[in-house]
Amino acid sequence: MAQNTRRGMTYRRLRQNPWIRELTEEIRVSQKQLIQPAFVVEGISKRETIAGLTGVHRETPESLLKQIEKDLEAGVHKFLLFGVPGKKAEKNFNFDFTASQIAALKKEFGKDIWISVDVCLCSHTSHGHCGILSHEGDHIENGSSVEELARAGLAYAQAGADCVAPSDMMDGRIGAIREKLDQAGLDSTLLMSYSAKFHSKFYGPFRNAADSAPKSSIKDRASYQIDPARPSDALLSSLRDSEEGADILMVKPALAYLDVVRAARDRFDLPIAVYNVSGEYSMIKAAALNGWIDEERAVHEMLVSFARAGANIVITYFAKEYAARSR
Ligand code: PBG
């Protein structure tokens with residue numbers, strides 16, 4: 001080998017043209033792995049753009065149907081729906097708006113689409129937290145929040161969601177939702193847990209989309225989301241959620257947490273999803289719009305990195321553009 005190296009090529013033989021490079025790829029990304037997030041907002045008369053999420057909109061119920069139809073034509077069939085109700089409250093939330101949107105999508109597109117639905121309270125609460133604020137306003141209650149979340153999960157499943165995906169990070173919500181689904185005989189509804197969801201600054205643009213920035217005296221979500229410096233918490237929480245009945249585990253955000261994706265892949269035999277979040281999307285989009293980066297190649301490279309770390313499923317705002325290019 002040493003002599004060979006001195007004379008000429010060794011490893012470069014397998015890099016010399018696109019054909020041999022294609023043949024030797026170990027990681028192949030497919031648009032089949034991707035889920036496209038979508039937002040539908042109650043009480044707006046026209047679809048709205050979202051700061052930081054160029055190309056994605058806050059849809060009205062009517063424009064949502066049109067956008068999904070376009071996405072289906074582009075080859076996207078899997079969605080993660082976020083319903084944003086017009087009325088905010090402190091407790092006893094009303095989940096009818098999102099449930100009605102799920103039912104409308106299923107009625108319109110039937111078996112052509114697969115819908116997972118985000119289950120959280122942050123778009124419902126007047127203060128923007130993912131759970132119920134205590135009477136004193138000093139903490140987010142766990143038990144009462146879980147009861148509401150379980151009610152939401154059941155309502156969305158009954159409306160026809162293929163999968164419900166709790167993103168709130170309360171303890172015990174997976175078990176509570178699974179129990180409700182079982183009681184209702186909904187044993188084919190999937191549960192995708194945001195099991196390793198970190199307390200991240202990369203959710204910024206999303207909060208413009210979903211009315212969900214925290215506005216109380218508790219300024220952030222650090223008391224319920226996972227500390228970026230505690231990967232063991234992510235693994236413990238994922239183990240717990242798998243035992244409580246999650247079908248799919250998730251790591252979120254994606255790019256800065258690929259070590260956690262790899263660890264989860266090695267430890268669990270359930271499918272692993274990553275959420276390529278709004279802030280990650282906005283970084284690439286902004287650079288591309290400025291002409292500083294080749295978006296198409298950068299997105300592909302990023303998707304390869306998720307697959308290399310062991311993710312099976314990728315939730316990404318790039319899904320529709322990626323699918324359109326794959327045709
Ligand atoms: C709601 C929720 C958030 C995201 C998904 N579900 C925001 C948050 O926890 O603050 C973030 C998604 C994104 O940034 O794309 N709890």
# chains A, B, ... in the order shown; residues from 1 in each chain; ligands from 1
$ residues_near_ligand --ligand "ligand 1" --cutoff "6 Å" --atoms "only C-alpha atoms and all ligand atoms" --output "number ranges by chain"
A: 120, 122, 130, 167-168, 203, 206, 277-278
$ write_last_selection --atoms "C-alpha atoms" --output "PDB file, in the first residue's frame"
ATOM      1  CA  CYS A 120     -49.076  21.172  22.908  1.00  0.00           C
ATOM      2  CA  CYS A 122     -48.423  26.846  23.884  1.00  0.00           C
ATOM      3  CA  CYS A 130     -46.601  24.693  26.978  1.00  0.00           C
ATOM      4  CA  SER A 167     -44.068  18.509  22.129  1.00  0.00           C
ATOM      5  CA  ASP A 168     -44.825  19.996  25.556  1.00  0.00           C
ATOM      6  CA  TYR A 203     -37.097  27.753  17.790  1.00  0.00           C
ATOM      7  CA  PHE A 206     -41.550  29.017  14.893  1.00  0.00           C
ATOM      8  CA  VAL A 277     -36.256  23.246  13.349  1.00  0.00           C
ATOM      9  CA  SER A 278     -37.227  26.727  12.208  1.00  0.00           C
TER      10      SER A 278
END
$ closest_atom_pairs --of "region 21-85 of chain A" --to "region 105-118 of chain A" --cutoff "8 Å" --atoms "only C-alpha atoms" --output "JSON lines"
{"residue": "A:Leu65", "atom": "CA", "partner": "A:Leu105", "partner_atom": "CA", "distance": 7.0}
{"residue": "A:Leu72", "atom": "CA", "partner": "A:Asp112", "partner_atom": "CA", "distance": 8.0}
{"residue": "A:His77", "atom": "CA", "partner": "A:Ile113", "partner_atom": "CA", "distance": 4.9}
{"residue": "A:Lys78", "atom": "CA", "partner": "A:Trp114", "partner_atom": "CA", "distance": 4.8}
{"residue": "A:Phe79", "atom": "CA", "partner": "A:Ile115", "partner_atom": "CA", "distance": 5.1}
{"residue": "A:Leu80", "atom": "CA", "partner": "A:Ser116", "partner_atom": "CA", "distance": 4.7}
{"residue": "A:Leu81", "atom": "CA", "partner": "A:Val117", "partner_atom": "CA", "distance": 4.7}
{"residue": "A:Phe82", "atom": "CA", "partner": "A:Asp118", "partner_atom": "CA", "distance": 5.6}
{"residue": "A:Gly83", "atom": "CA", "partner": "A:Asp118", "partner_atom": "CA", "distance": 7.9}
$ atom_distance --atom1 "CA of Gly55 (chain A)" --atom2 "CA of Val304 (chain A)"
22.5 Å
$ residues_around --residues "Val29 (chain A)" --least-positions-apart "3" --cutoff "9 Å" --atoms "only C-alpha atoms" --output "ChimeraX atom specification"
/A:32-33,300,303-304,307
$ closest_residue --among "A:Ala286, A:Tyr257, A:Glu62, A:Ile248" --to "Ile272 (chain A)" --atoms "only C-alpha atoms"
A:Ile248
$ closest_residue --among "A:Arg267, A:Met169, A:Leu289, A:Asp182" --to "Lys252 (chain A)" --atoms "only C-alpha atoms"
A:Met169
$ closest_residue --among "A:Ile293, A:Val41, A:Ala152, A:Ala311" --to "Leu258 (chain A)" --atoms "only C-alpha atoms"
A:Ala311
$ select_by_dssp --residues "region 184-247 of chain A" --states "helix (DSSP H, G or I)" --output "count of residues only"
23
$ decode --residues "region 261-278 of chain A" --atoms "C-alpha atoms" --output "JSON list (two decimals), in the first residue's frame"
[["chain", "number", "residue", "atom", "x", "y", "z"],
["A", 261, "VAL", "CA", -29.33, 11.10, 17.52],
["A", 262, "ARG", "CA", -26.48, 8.61, 17.30],
["A", 263, "ALA", "CA", -26.79, 7.66, 20.98],
["A", 264, "ALA", "CA", -30.56, 7.20, 20.66],
["A", 265, "ARG", "CA", -30.11, 5.13, 17.48],
["A", 266, "ASP", "CA", -27.64, 2.84, 19.24],
["A", 267, "ARG", "CA", -29.72, 2.49, 22.37],
["A", 268, "PHE", "CA", -33.31, 2.12, 21.09],
["A", 269, "ASP", "CA", -34.87, -0.06, 18.43],
["A", 270, "LEU", "CA", -37.72, 2.35, 17.72],
["A", 271, "PRO", "CA", -37.64, 4.64, 14.68],
["A", 272, "ILE", "CA", -35.79, 7.88, 15.40],
["A", 273, "ALA", "CA", -37.03, 11.19, 13.99],
["A", 274, "VAL", "CA", -35.12, 14.46, 13.99],
["A", 275, "TYR", "CA", -36.76, 17.85, 13.82],
["A", 276, "ASN", "CA", -34.77, 20.21, 11.62],
["A", 277, "VAL", "CA", -36.26, 23.25, 13.35],
["A", 278, "SER", "CA", -37.23, 26.73, 12.21]]
